[in-house]
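Data from coords-v4.csv: CSV, C-alpha atoms
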```
chain,number,residue,atom,x,y,z
A,1,MET,CA,103.1,120.1,-89.1
A,2,GLU,CA,100.1,119.9,-91.2
A,3,ASP,CA,101.7,118.9,-94.5
A,4,CYS,CA,104.0,116.3,-93.1
A,5,ILE,CA,103.0,112.7,-94.0
A,6,PHE,CA,104.7,111.3,-90.9
A,7,CYS,CA,102.9,113.7,-88.6
A,8,LYS,CA,99.7,112.6,-90.3
A,9,ILE,CA,100.6,108.9,-89.6
A,10,ILE,CA,101.3,109.9,-86.0
A,11,ASN,CA,97.9,111.6,-85.5
A,12,GLY,CA,96.1,108.8,-87.4
A,13,GLN,CA,95.0,110.8,-90.5
A,14,ILE,CA,97.0,108.4,-92.6
A,15,PRO,CA,96.9,104.7,-91.7
A,16,SER,CA,100.0,102.7,-91.0
A,17,ASN,CA,101.0,99.2,-89.9
A,18,LYS,CA,102.4,100.1,-86.5
A,19,VAL,CA,105.2,98.1,-85.1
A,20,TYR,CA,105.8,100.1,-81.9
A,21,GLU,CA,104.4,103.2,-80.3
A,22,ASP,CA,105.1,105.1,-77.1
A,23,GLU,CA,104.8,108.7,-75.9
A,24,ASP,CA,107.8,109.8,-78.0
A,25,LEU,CA,108.4,107.4,-80.8
A,26,LEU,CA,106.5,105.6,-83.5
A,27,ALA,CA,107.7,102.7,-85.7
A,28,PHE,CA,105.7,101.4,-88.7
A,29,GLU,CA,106.2,99.2,-91.8
A,30,ASP,CA,107.6,101.1,-94.8
A,31,VAL,CA,104.9,101.2,-97.5
A,32,ASN,CA,107.6,100.5,-100.2
A,33,PRO,CA,109.7,97.9,-98.5
A,34,VAL,CA,113.1,97.1,-99.9
A,35,ALA,CA,113.8,94.2,-97.6
A,36,PRO,CA,111.7,91.5,-95.9
A,37,THR,CA,111.9,93.6,-92.8
A,38,HIS,CA,111.7,97.3,-93.4
A,39,VAL,CA,110.5,99.5,-90.5
A,40,VAL,CA,110.6,103.2,-90.3
A,41,ILE,CA,111.3,104.6,-86.8
A,42,ILE,CA,110.4,108.3,-86.1
A,43,PRO,CA,110.2,110.7,-83.2
A,44,LYS,CA,106.7,112.1,-82.6
A,45,LYS,CA,108.3,115.5,-82.4
A,46,HIS,CA,108.5,117.1,-85.9
A,47,ILE,CA,112.2,117.5,-86.6
A,48,GLU,CA,113.0,117.9,-90.3
A,49,THR,CA,116.5,116.5,-90.7
A,50,LEU,CA,119.5,115.4,-88.8
A,51,ASN,CA,120.9,118.8,-89.5
A,52,ASP,CA,118.2,120.3,-87.3
A,53,ILE,CA,119.0,118.1,-84.3
A,54,GLN,CA,120.4,120.2,-81.4
A,55,GLU,CA,122.4,118.8,-78.6
A,56,GLU,CA,119.4,119.0,-76.2
A,57,ASP,CA,117.4,116.8,-78.6
A,58,ALA,CA,120.1,114.3,-79.1
A,59,GLY,CA,118.6,111.8,-76.7
A,60,VAL,CA,115.9,111.1,-79.2
A,61,LEU,CA,118.5,109.7,-81.6
A,62,ALA,CA,119.6,107.3,-78.9
A,63,SER,CA,116.0,106.3,-78.2
A,64,LEU,CA,115.4,105.7,-81.9
A,65,LEU,CA,118.4,103.4,-82.3
A,66,LEU,CA,117.7,101.5,-79.1
A,67,ARG,CA,114.2,101.0,-80.4
A,68,ALA,CA,115.6,99.8,-83.7
A,69,GLN,CA,117.7,97.3,-81.7
A,70,SER,CA,114.7,95.9,-79.8
A,71,ILE,CA,112.5,95.8,-83.0
A,72,ALA,CA,115.3,93.8,-84.7
A,73,THR,CA,115.2,91.3,-81.8
A,74,GLU,CA,111.4,91.0,-82.0
A,75,LYS,CA,111.5,90.6,-85.7
A,76,GLU,CA,114.3,87.9,-85.3
A,77,ILE,CA,116.8,89.7,-87.5
A,78,ALA,CA,119.2,90.7,-84.8
A,79,GLU,CA,121.5,87.7,-85.2
A,80,ASP,CA,121.6,87.4,-89.0
A,81,GLY,CA,121.9,91.1,-89.3
A,82,TYR,CA,120.3,94.4,-90.0
A,83,ARG,CA,121.2,97.7,-91.6
A,84,ILE,CA,120.2,101.1,-90.3
A,85,VAL,CA,120.1,104.0,-92.7
A,86,LEU,CA,119.4,107.7,-92.2
A,87,ASN,CA,119.2,109.9,-95.2
A,88,CYS,CA,119.7,113.6,-94.7
A,89,MET,CA,118.7,116.0,-97.4
A,90,PRO,CA,117.9,115.5,-101.1
A,91,GLY,CA,121.3,114.1,-102.3
A,92,ALA,CA,121.0,111.3,-99.9
A,93,GLY,CA,117.4,110.5,-101.0
A,94,GLN,CA,115.6,111.9,-98.0
A,95,SER,CA,112.0,111.8,-99.1
A,96,VAL,CA,110.0,112.8,-96.1
A,97,TYR,CA,111.3,115.8,-94.1
A,98,HIS,CA,110.6,114.4,-90.7
A,99,ILE,CA,113.7,112.7,-89.4
A,100,HIS,CA,113.5,108.9,-89.6
A,101,PHE,CA,115.7,105.8,-89.4
A,102,HIS,CA,115.2,102.8,-91.8
A,103,LEU,CA,115.6,99.4,-90.1
A,104,LEU,CA,116.3,96.8,-92.8
A,105,GLY,CA,116.7,93.1,-92.4
A,106,GLY,CA,115.8,89.6,-93.6
A,107,ARG,CA,118.2,89.5,-96.5
A,108,ILE,CA,121.9,90.0,-97.4
A,109,PHE,CA,122.9,93.6,-97.8
A,110,HIS,CA,125.4,94.8,-100.4
A,111,TRP,CA,128.1,97.5,-100.4
A,112,PRO,CA,128.1,100.3,-101.3
A,113,PRO,CA,124.9,101.2,-99.6
A,114,GLY,CA,123.2,102.8,-102.5
B,1,MET,CA,140.7,94.5,-77.5
B,2,GLU,CA,143.9,93.3,-78.9
B,3,ASP,CA,142.7,91.9,-82.2
B,4,CYS,CA,140.3,94.7,-83.0
B,5,ILE,CA,141.4,96.8,-86.0
B,6,PHE,CA,139.6,99.8,-84.8
B,7,CYS,CA,141.1,99.6,-81.3
B,8,LYS,CA,144.5,99.5,-83.0
B,9,ILE,CA,143.6,102.6,-84.9
B,10,ILE,CA,142.5,104.3,-81.6
B,11,ASN,CA,145.8,103.4,-79.9
B,12,GLY,CA,147.9,104.3,-82.9
B,13,GLN,CA,149.2,100.9,-83.8
B,14,ILE,CA,147.5,101.2,-87.2
B,15,PRO,CA,147.7,104.7,-88.9
B,16,SER,CA,144.6,106.5,-90.0
B,17,ASN,CA,143.6,109.8,-91.5
B,18,LYS,CA,141.9,111.3,-88.5
B,19,VAL,CA,139.0,113.6,-89.1
B,20,TYR,CA,138.0,114.2,-85.4
B,21,GLU,CA,139.1,112.9,-82.0
B,22,ASP,CA,138.1,113.5,-78.4
B,23,GLU,CA,138.1,111.6,-75.2
B,24,ASP,CA,135.3,109.3,-76.2
B,25,LEU,CA,135.1,109.3,-80.1
B,26,LEU,CA,137.3,108.9,-83.1
B,27,ALA,CA,136.4,109.7,-86.7
B,28,PHE,CA,138.7,108.8,-89.6
B,29,GLU,CA,138.6,108.4,-93.4
B,30,ASP,CA,137.5,105.0,-94.6
B,31,VAL,CA,140.4,103.2,-96.3
B,32,ASN,CA,138.0,101.9,-99.0
B,33,PRO,CA,135.8,104.9,-99.6
B,34,VAL,CA,132.6,104.4,-101.6
B,35,ALA,CA,131.8,108.1,-101.8
B,36,PRO,CA,133.8,111.3,-102.1
B,37,THR,CA,133.3,111.8,-98.4
B,38,HIS,CA,133.4,108.6,-96.4
B,39,VAL,CA,134.2,108.9,-92.7
B,40,VAL,CA,133.9,106.1,-90.1
B,41,ILE,CA,132.9,107.3,-86.7
B,42,ILE,CA,133.5,105.1,-83.6
B,43,PRO,CA,133.4,105.2,-79.9
B,44,LYS,CA,136.7,104.6,-78.2
B,45,LYS,CA,135.0,102.1,-76.0
B,46,HIS,CA,135.1,98.6,-77.6
B,47,ILE,CA,131.4,97.7,-78.2
B,48,GLU,CA,131.1,95.0,-80.8
B,49,THR,CA,127.7,95.7,-82.4
B,50,LEU,CA,124.5,97.6,-81.9
B,51,ASN,CA,123.0,94.5,-80.4
B,52,ASP,CA,125.5,95.0,-77.5
B,53,ILE,CA,124.5,98.5,-76.6
B,54,GLN,CA,122.8,98.7,-73.3
B,55,GLU,CA,120.5,101.6,-72.3
B,56,GLU,CA,123.3,103.1,-70.1
B,57,ASP,CA,125.6,103.2,-73.1
B,58,ALA,CA,123.0,104.8,-75.4
B,59,GLY,CA,124.3,108.3,-75.0
B,60,VAL,CA,127.3,107.2,-77.1
B,61,LEU,CA,124.9,106.6,-80.1
B,62,ALA,CA,123.7,110.2,-79.8
B,63,SER,CA,127.2,111.5,-79.6
B,64,LEU,CA,128.3,109.6,-82.7
B,65,LEU,CA,125.4,111.0,-84.7
B,66,LEU,CA,125.9,114.5,-83.5
B,67,ARG,CA,129.5,114.2,-84.5
B,68,ALA,CA,128.4,112.9,-87.9
B,69,GLN,CA,126.3,116.0,-88.2
B,70,SER,CA,129.1,118.4,-87.4
B,71,ILE,CA,131.6,116.5,-89.6
B,72,ALA,CA,129.0,116.8,-92.5
B,73,THR,CA,128.9,120.5,-91.9
B,74,GLU,CA,132.7,120.8,-91.9
B,75,LYS,CA,133.0,118.7,-95.0
B,76,GLU,CA,130.4,120.9,-96.7
B,77,ILE,CA,128.0,118.0,-97.5
B,78,ALA,CA,125.3,119.0,-95.0
B,79,GLU,CA,123.1,120.9,-97.4
B,80,ASP,CA,123.4,118.6,-100.5
B,81,GLY,CA,123.0,115.6,-98.4
B,82,TYR,CA,124.6,112.7,-96.6
B,83,ARG,CA,123.7,109.1,-95.7
B,84,ILE,CA,124.5,107.5,-92.4
B,85,VAL,CA,124.7,103.7,-92.3
B,86,LEU,CA,125.2,101.3,-89.5
B,87,ASN,CA,125.7,97.6,-90.2
B,88,CYS,CA,124.9,95.1,-87.5
B,89,MET,CA,126.1,91.5,-87.9
B,90,PRO,CA,127.2,89.6,-91.0
B,91,GLY,CA,124.1,89.7,-93.1
B,92,ALA,CA,124.2,93.5,-93.0
B,93,GLY,CA,127.9,93.4,-94.0
B,94,GLN,CA,129.4,94.4,-90.7
B,95,SER,CA,133.1,93.9,-91.3
B,96,VAL,CA,134.7,95.1,-88.1
B,97,TYR,CA,133.2,94.1,-84.8
B,98,HIS,CA,133.6,97.5,-83.1
B,99,ILE,CA,130.4,99.5,-83.6
B,100,HIS,CA,130.7,102.3,-86.2
B,101,PHE,CA,128.7,104.6,-88.3
B,102,HIS,CA,129.5,105.3,-91.9
B,103,LEU,CA,129.1,109.0,-92.9
B,104,LEU,CA,128.8,109.2,-96.7
B,105,GLY,CA,128.4,112.2,-98.9
B,106,GLY,CA,129.5,114.1,-102.0
B,107,ARG,CA,127.5,112.2,-104.5
B,108,ILE,CA,123.9,111.2,-105.2
B,109,PHE,CA,122.8,108.1,-103.2
B,110,HIS,CA,120.4,105.4,-104.6
B,111,TRP,CA,117.7,103.3,-103.2
B,112,PRO,CA,117.6,100.6,-102.0
B,113,PRO,CA,120.7,101.2,-99.8
B,114,GLY,CA,122.6,98.1,-100.8
```

Write out the structure in this file as C-alpha coordinates.
Amino acid sequence: MEDCIFCKIINGQIPSNKVYEDEDLLAFEDVNPVAPTHVVIIPKKHIETLNDIQEEDAGVLASLLLRAQSIATEKEIAEDGYRIVLNCMPGAGQSVYHIHFHLLGGRIFHWPPG
Amino acid sequence: MEDCIFCKIINGQIPSNKVYEDEDLLAFEDVNPVAPTHVVIIPKKHIETLNDIQEEDAGVLASLLLRAQSIATEKEIAEDGYRIVLNCMPGAGQSVYHIHFHLLGGRIFHWPPG
(Lines of atoms letter the chains of each structure in order from A and count residues from 1; the text may use other names and numbers.)
(Lines give C-alpha, C1' and ligand atoms only; values in the text may rest on other atoms or scores of the structure.)
Protein backbone atom coordinates (compact mmCIF):
# COMPACT_ATOMS: atom_id res chain seq x y z
CA MET A 1 0.00 0.00 0.00
CA GLU A 2 1.78 3.06 -1.26
CA ASP A 3 0.75 5.48 1.49
CA CYS A 4 1.34 3.14 4.41
CA ILE A 5 4.30 4.09 6.59
CA PHE A 6 4.79 0.51 7.73
CA CYS A 7 4.75 -0.81 4.17
CA LYS A 8 7.45 1.77 3.40
CA ILE A 9 9.48 0.49 6.35
CA ILE A 10 9.04 -3.06 5.04
CA ASN A 11 10.26 -2.15 1.56
CA GLY A 12 13.11 0.03 2.86
CA GLN A 13 11.80 3.40 1.69
CA ILE A 14 11.74 4.51 5.32
CA PRO A 15 14.64 3.41 7.54
CA SER A 16 14.06 1.57 10.79
CA ASN A 17 16.04 -0.09 13.54
CA LYS A 18 15.15 -3.66 12.78
CA VAL A 19 14.94 -6.14 15.61
CA TYR A 20 13.76 -9.16 13.59
CA GLU A 21 12.77 -9.96 10.04
CA ASP A 22 11.61 -13.02 8.18
CA GLU A 23 9.48 -13.74 5.13
CA ASP A 24 6.24 -12.82 6.88
CA LEU A 25 7.06 -10.56 9.81
CA LEU A 26 9.07 -7.48 10.70
CA ALA A 27 9.91 -6.08 14.13
CA PHE A 28 11.55 -2.72 14.69
CA GLU A 29 12.19 -0.19 17.46
CA ASP A 30 9.34 2.30 17.91
CA VAL A 31 10.54 5.79 16.93
CA ASN A 32 8.68 7.28 19.91
CA PRO A 33 9.40 4.74 22.63
CA VAL A 34 7.34 4.85 25.80
CA ALA A 35 9.41 2.23 27.61
CA PRO A 36 13.09 1.19 27.65
CA THR A 37 12.11 -1.67 25.33
CA HIS A 38 9.47 -0.70 22.79
CA VAL A 39 9.29 -2.83 19.69
CA VAL A 40 6.61 -2.76 16.99
CA ILE A 41 5.83 -6.14 15.42
CA ILE A 42 3.98 -6.27 12.12
CA PRO A 43 3.01 -8.72 9.40
CA LYS A 44 4.45 -7.90 5.98
CA LYS A 45 0.99 -8.37 4.54
CA HIS A 46 -0.91 -5.10 4.65
CA ILE A 47 -3.87 -5.68 6.94
CA GLU A 48 -5.35 -2.46 8.26
CA THR A 49 -6.81 -3.40 11.62
CA LEU A 50 -7.74 -6.34 13.80
CA ASN A 51 -11.29 -5.86 12.48
CA ASP A 52 -9.99 -6.90 9.05
CA ILE A 53 -8.46 -10.20 10.15
CA GLN A 54 -10.33 -13.16 8.71
CA GLU A 55 -10.16 -16.62 10.18
CA GLU A 56 -7.77 -17.77 7.45
CA ASP A 57 -5.32 -14.98 8.35
CA ALA A 58 -5.49 -15.67 12.05
CA GLY A 59 -2.25 -17.63 12.05
CA VAL A 60 -0.41 -14.37 11.56
CA LEU A 61 -1.69 -13.19 14.95
CA ALA A 62 -0.17 -16.22 16.62
CA SER A 63 3.10 -15.69 14.75
CA LEU A 64 3.27 -12.06 15.84
CA LEU A 65 2.73 -12.98 19.50
CA LEU A 66 5.20 -15.86 19.42
CA ARG A 67 7.71 -13.45 17.94
CA ALA A 68 6.95 -10.93 20.70
CA GLN A 69 7.67 -13.71 23.19
CA SER A 70 11.05 -14.54 21.63
CA ILE A 71 12.04 -10.88 21.29
CA ALA A 72 11.16 -10.40 24.97
CA THR A 73 13.55 -13.25 25.80
CA GLU A 74 16.30 -11.79 23.62
CA LYS A 75 15.82 -8.34 25.16
CA GLU A 76 15.95 -9.93 28.64
CA ILE A 77 12.57 -8.56 29.70
CA ALA A 78 10.73 -11.88 29.72
CA GLU A 79 11.20 -12.58 33.44
CA ASP A 80 10.62 -9.09 34.84
CA GLY A 81 7.68 -8.61 32.54
CA TYR A 82 6.35 -7.08 29.38
CA ARG A 83 3.07 -5.69 28.16
CA ILE A 84 1.66 -6.31 24.69
CA VAL A 85 -0.80 -3.80 23.30
CA LEU A 86 -2.85 -3.73 20.14
CA ASN A 87 -4.90 -0.66 19.29
CA CYS A 88 -7.79 -1.05 16.90
CA MET A 89 -9.32 2.06 15.37
CA PRO A 90 -9.13 5.75 16.40
CA GLY A 91 -10.69 5.58 19.87
CA ALA A 92 -7.99 3.15 20.93
CA GLY A 93 -5.26 5.37 19.51
CA GLN A 94 -4.39 3.33 16.42
CA SER A 95 -2.07 5.67 14.56
CA VAL A 96 -0.92 3.55 11.61
CA TYR A 97 -3.50 1.51 9.72
CA HIS A 98 -1.32 -1.55 9.29
CA ILE A 99 -1.97 -3.99 12.11
CA HIS A 100 0.77 -4.03 14.74
CA PHE A 101 1.53 -5.15 18.26
CA HIS A 102 3.50 -3.01 20.69
CA LEU A 103 5.93 -4.97 22.86
CA LEU A 104 6.79 -2.88 25.92
CA GLY A 105 9.22 -3.72 28.70
CA GLY A 106 12.04 -2.56 30.92
CA ARG A 107 9.93 -0.65 33.41
CA ILE A 108 6.95 -1.11 35.72
CA PHE A 109 3.59 -0.77 33.96
CA HIS A 110 0.53 0.78 35.53
CA TRP A 111 -3.20 0.11 35.41
CA PRO A 112 -5.39 1.14 33.67
CA PRO A 113 -3.42 0.73 30.46
CA GLY A 114 -4.03 4.22 29.11
CA MET B 1 -5.12 -25.92 38.71
CA GLU B 2 -6.78 -25.83 42.10
CA ASP B 3 -5.53 -22.44 43.26
CA CYS B 4 -6.12 -20.58 40.01
CA ILE B 5 -8.96 -18.05 40.16
CA PHE B 6 -9.59 -18.30 36.44
CA CYS B 7 -9.74 -22.10 36.55
CA LYS B 8 -12.31 -21.71 39.33
CA ILE B 9 -14.31 -19.37 37.11
CA ILE B 10 -14.10 -21.93 34.29
CA ASN B 11 -15.38 -24.75 36.48
CA GLY B 12 -18.07 -22.59 38.10
CA GLN B 13 -16.65 -22.49 41.63
CA ILE B 14 -16.42 -18.71 41.29
CA PRO B 15 -19.30 -16.93 39.52
CA SER B 16 -18.69 -14.63 36.57
CA ASN B 17 -20.66 -12.61 34.07
CA LYS B 18 -19.97 -14.71 31.02
CA VAL B 19 -19.79 -13.03 27.65
CA TYR B 20 -18.83 -16.07 25.58
CA GLU B 21 -17.99 -19.71 26.14
CA ASP B 22 -17.05 -22.63 23.96
CA GLU B 23 -15.07 -25.82 24.39
CA ASP B 24 -11.72 -24.04 24.47
CA LEU B 25 -12.32 -20.42 25.50
CA LEU B 26 -14.15 -18.34 28.06
CA ALA B 27 -14.82 -14.60 28.10
CA PHE B 28 -16.28 -12.75 31.05
CA GLU B 29 -16.70 -9.21 32.36
CA ASP B 30 -13.72 -7.99 34.41
CA VAL B 31 -14.78 -7.54 38.05
CA ASN B 32 -12.76 -4.31 38.25
CA PRO B 33 -13.51 -2.71 34.89
CA VAL B 34 -11.33 0.16 33.75
CA ALA B 35 -13.47 0.97 30.69
CA PRO B 36 -17.19 0.79 29.84
CA THR B 37 -16.44 -2.47 28.04
CA HIS B 38 -13.83 -4.59 29.81
CA VAL B 39 -13.85 -8.27 28.99
CA VAL B 40 -11.27 -10.87 29.98
CA ILE B 41 -10.71 -13.63 27.43
CA ILE B 42 -8.98 -16.83 28.48
CA PRO B 43 -8.21 -20.31 27.21
CA LYS B 44 -9.72 -23.09 29.30
CA LYS B 45 -6.33 -24.77 29.30
CA HIS B 46 -4.28 -23.53 32.23
CA ILE B 47 -1.27 -21.77 30.72
CA GLU B 48 0.40 -19.42 33.17
CA THR B 49 1.92 -16.73 30.97
CA LEU B 50 2.78 -15.86 27.39
CA ASN B 51 6.31 -17.07 28.22
CA ASP B 52 4.85 -20.56 28.60
CA ILE B 53 3.19 -20.73 25.19
CA GLN B 54 4.85 -23.26 22.92
CA GLU B 55 4.55 -23.20 19.16
CA GLU B 56 2.02 -26.05 19.23
CA ASP B 57 -0.24 -24.02 21.54
CA ALA B 58 0.02 -20.87 19.48
CA GLY B 59 -3.31 -21.43 17.78
CA VAL B 60 -5.00 -20.58 21.05
CA LEU B 61 -3.56 -17.06 20.82
CA ALA B 62 -5.16 -16.58 17.43
CA SER B 63 -8.46 -17.95 18.74
CA LEU B 64 -8.42 -15.58 21.70
CA LEU B 65 -7.81 -12.58 19.45
CA LEU B 66 -10.43 -13.61 16.89
CA ARG B 67 -12.86 -13.95 19.77
CA ALA B 68 -11.88 -10.48 21.02
CA GLN B 69 -12.66 -9.19 17.54
CA SER B 70 -16.11 -10.78 17.47
CA ILE B 71 -16.95 -9.68 21.02
CA ALA B 72 -15.93 -6.13 20.04
CA THR B 73 -18.41 -6.32 17.18
CA GLU B 74 -21.16 -7.65 19.45
CA LYS B 75 -20.46 -4.96 22.03
CA GLU B 76 -20.57 -2.33 19.26
CA ILE B 77 -17.09 -0.99 20.02
CA ALA B 78 -15.42 -2.31 16.86
CA GLU B 79 -15.79 0.88 14.84
CA ASP B 80 -15.00 3.47 17.53
CA GLY B 81 -12.11 1.39 18.74
CA TYR B 82 -10.82 -1.03 21.31
CA ARG B 83 -7.51 -1.80 22.95
CA ILE B 84 -6.27 -5.31 23.64
CA VAL B 85 -3.72 -5.78 26.40
CA LEU B 86 -1.78 -8.78 27.58
CA ASN B 87 0.39 -8.51 30.68
CA CYS B 88 3.19 -11.01 31.12
CA MET B 89 4.82 -11.34 34.54
CA PRO B 90 4.85 -8.99 37.56
CA GLY B 91 6.50 -5.91 36.03
CA ALA B 92 3.72 -5.73 33.48
CA GLY B 93 1.07 -6.08 36.16
CA GLN B 94 -0.01 -9.64 35.47
CA SER B 95 -2.26 -10.39 38.41
CA VAL B 96 -3.61 -13.85 37.60
CA TYR B 97 -1.20 -16.48 36.35
CA HIS B 98 -3.53 -17.93 33.74
CA ILE B 99 -2.92 -16.27 30.40
CA HIS B 100 -5.58 -13.71 29.46
CA PHE B 101 -6.27 -10.84 27.13
CA HIS B 102 -8.06 -7.70 28.26
CA LEU B 103 -10.50 -6.31 25.70
CA LEU B 104 -11.17 -2.65 26.50
CA GLY B 105 -13.53 -0.26 24.77
CA GLY B 106 -16.22 2.37 25.08
CA ARG B 107 -13.95 5.29 25.86
CA ILE B 108 -10.91 7.11 24.46
CA PHE B 109 -7.60 5.45 25.34
CA HIS B 110 -4.41 7.33 26.08
CA TRP B 111 -0.74 6.78 25.39
CA PRO B 112 1.45 5.45 26.91
CA PRO B 113 -0.63 2.43 27.80
CA GLY B 114 0.08 2.44 31.53

Item checked: Residue list for chain B near chain A as a count of residues only, 9 Å, only C-alpha atoms -> 47

Next item on the list: Can you pull out every residue within 12 Å of A:Glu23, counting all atoms listed in the file, but drop anything in the same chain fewer than 5 positions away, and send it as a list in words?
Entry: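 Surrounding residues, per the criterion: Ile10, Ile42, Pro43, Lys44, Lys45, Val60 and Ser63 of chain A.
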
Margin query: Which residues are close to A:Phe28, i.e. within 8 Å by all atoms listed in the file, leaving aside same-chain residues fewer than 6 positions away? Reply as a PyMOL selection string.
Written below: chain A and resi 16-20+39-41

Checklist line | atom CA of B:Tyr97 to atom CA of B:Val31, distance in Å rounded to a single decimal | finding: 16.3 Å

Checklist line | Coordinates-based distance that separates atom CA of A:His98 from atom CA of A:Ile5 (Å, one decimal) | finding: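 Atom-to-atom, atom CA of A:Ile5 and atom CA of A:His98 are spaced 8.5 Å apart.
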
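With atom CA of B:His46 on one side and atom CA of B:Val96 on the other, the separation reads 11.1 Å.
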
Next item on the list: For each of B:Pro36, B:Glu56, B:Lys75, B:Leu25, take the minimum atom-to-atom distance to B:His100, counting all atoms listed in the file, then give the residue where this is smallest.
Entry: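 For B:His100, the nearest of the candidates is B:Leu25.
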
Any chance you could build stretch 73-96 of chain A out to N, CA, C and O atoms and write it as an mmCIF file, in the coordinates of the input?
```cif
data_model
loop_
_atom_site.group_PDB
_atom_site.id
_atom_site.type_symbol
_atom_site.label_atom_id
_atom_site.label_comp_id
_atom_site.auth_asym_id
_atom_site.auth_seq_id
_atom_site.Cartn_x
_atom_site.Cartn_y
_atom_site.Cartn_z
ATOM 1 N N THR A 73 115.314 92.565 -82.600
ATOM 2 C CA THR A 73 115.200 91.300 -81.800
ATOM 3 C C THR A 73 113.838 90.712 -81.943
ATOM 4 O O THR A 73 113.709 89.503 -82.188
ATOM 5 N N GLU A 74 112.801 91.547 -81.847
ATOM 6 C CA GLU A 74 111.400 91.000 -82.000
ATOM 7 C C GLU A 74 111.173 90.425 -83.356
ATOM 8 O O GLU A 74 110.460 89.442 -83.487
ATOM 9 N N LYS A 75 111.734 91.039 -84.369
ATOM 10 C CA LYS A 75 111.500 90.600 -85.700
ATOM 11 C C LYS A 75 112.485 89.402 -86.089
ATOM 12 O O LYS A 75 112.492 88.925 -87.227
ATOM 13 N N GLU A 76 113.316 89.029 -85.121
ATOM 14 C CA GLU A 76 114.300 87.900 -85.300
ATOM 15 C C GLU A 76 115.248 88.110 -86.426
ATOM 16 O O GLU A 76 115.581 87.193 -87.159
ATOM 17 N N ILE A 77 115.710 89.349 -86.552
ATOM 18 C CA ILE A 77 116.800 89.700 -87.500
ATOM 19 C C ILE A 77 118.055 90.088 -86.843
ATOM 20 O O ILE A 77 119.044 90.373 -87.507
ATOM 21 N N ALA A 78 118.032 90.127 -85.514
ATOM 22 C CA ALA A 78 119.200 90.700 -84.800
ATOM 23 C C ALA A 78 120.447 89.846 -84.988
ATOM 24 O O ALA A 78 121.543 90.404 -85.074
ATOM 25 N N GLU A 79 120.309 88.538 -85.077
ATOM 26 C CA GLU A 79 121.500 87.700 -85.200
ATOM 27 C C GLU A 79 122.027 87.576 -86.593
ATOM 28 O O GLU A 79 123.230 87.611 -86.823
ATOM 29 N N ASP A 80 121.122 87.436 -87.565
ATOM 30 C CA ASP A 80 121.600 87.400 -89.000
ATOM 31 C C ASP A 80 122.114 88.740 -89.403
ATOM 32 O O ASP A 80 123.096 88.820 -90.140
ATOM 33 N N GLY A 81 121.429 89.787 -88.991
ATOM 34 C CA GLY A 81 121.900 91.100 -89.300
ATOM 35 C C GLY A 81 120.889 92.071 -89.794
ATOM 36 O O GLY A 81 119.868 91.674 -90.361
ATOM 37 N N TYR A 82 121.160 93.333 -89.557
ATOM 38 C CA TYR A 82 120.300 94.400 -90.000
ATOM 39 C C TYR A 82 121.100 95.634 -90.313
ATOM 40 O O TYR A 82 122.185 95.828 -89.765
ATOM 41 N N ARG A 83 120.576 96.423 -91.230
ATOM 42 C CA ARG A 83 121.200 97.700 -91.600
ATOM 43 C C ARG A 83 120.308 98.832 -91.196
ATOM 44 O O ARG A 83 119.087 98.759 -91.407
ATOM 45 N N ILE A 84 120.901 99.864 -90.636
ATOM 46 C CA ILE A 84 120.200 101.100 -90.300
ATOM 47 C C ILE A 84 120.647 102.210 -91.133
ATOM 48 O O ILE A 84 121.857 102.407 -91.279
ATOM 49 N N VAL A 85 119.702 102.911 -91.734
ATOM 50 C CA VAL A 85 120.100 104.000 -92.700
ATOM 51 C C VAL A 85 119.285 105.244 -92.321
ATOM 52 O O VAL A 85 118.075 105.205 -92.046
ATOM 53 N N LEU A 86 120.006 106.336 -92.332
ATOM 54 C CA LEU A 86 119.400 107.700 -92.200
ATOM 55 C C LEU A 86 119.825 108.505 -93.371
ATOM 56 O O LEU A 86 121.025 108.631 -93.633
ATOM 57 N N ASN A 87 118.874 109.044 -94.077
ATOM 58 C CA ASN A 87 119.200 109.900 -95.200
ATOM 59 C C ASN A 87 118.907 111.364 -94.763
ATOM 60 O O ASN A 87 117.862 111.667 -94.190
ATOM 61 N N CYS A 88 119.868 112.222 -95.042
ATOM 62 C CA CYS A 88 119.700 113.600 -94.700
ATOM 63 C C CYS A 88 119.822 114.485 -95.936
ATOM 64 O O CYS A 88 120.901 114.521 -96.547
ATOM 65 N N MET A 89 118.730 115.103 -96.298
ATOM 66 C CA MET A 89 118.700 116.000 -97.400
ATOM 67 C C MET A 89 118.606 115.306 -98.784
ATOM 68 O O MET A 89 118.771 114.103 -98.869
ATOM 69 N N PRO A 90 118.304 116.083 -99.868
ATOM 70 C CA PRO A 90 117.900 115.500 -101.100
ATOM 71 C C PRO A 90 118.983 114.552 -101.761
ATOM 72 O O PRO A 90 118.654 113.495 -102.307
ATOM 73 N N GLY A 91 120.248 114.918 -101.695
ATOM 74 C CA GLY A 91 121.300 114.100 -102.300
ATOM 75 C C GLY A 91 121.378 112.711 -101.746
ATOM 76 O O GLY A 91 121.840 111.773 -102.407
ATOM 77 N N ALA A 92 120.963 112.581 -100.509
ATOM 78 C CA ALA A 92 121.000 111.300 -99.900
ATOM 79 C C ALA A 92 119.702 110.492 -100.113
ATOM 80 O O ALA A 92 119.606 109.316 -99.776
ATOM 81 N N GLY A 93 118.713 111.175 -100.699
ATOM 82 C CA GLY A 93 117.400 110.500 -101.000
ATOM 83 C C GLY A 93 116.415 110.685 -99.865
ATOM 84 O O GLY A 93 115.444 109.931 -99.805
ATOM 85 N N GLN A 94 116.603 111.680 -98.994
ATOM 86 C CA GLN A 94 115.600 111.900 -98.000
ATOM 87 C C GLN A 94 114.280 112.299 -98.660
ATOM 88 O O GLN A 94 114.240 113.256 -99.440
ATOM 89 N N SER A 95 113.220 111.536 -98.416
ATOM 90 C CA SER A 95 112.000 111.800 -99.100
ATOM 91 C C SER A 95 110.911 112.420 -98.275
ATOM 92 O O SER A 95 110.040 113.119 -98.779
ATOM 93 N N VAL A 96 110.976 112.206 -96.975
ATOM 94 C CA VAL A 96 110.000 112.800 -96.100
ATOM 95 C C VAL A 96 110.847 113.667 -95.066
ATOM 96 O O VAL A 96 111.788 113.143 -94.452
#
```
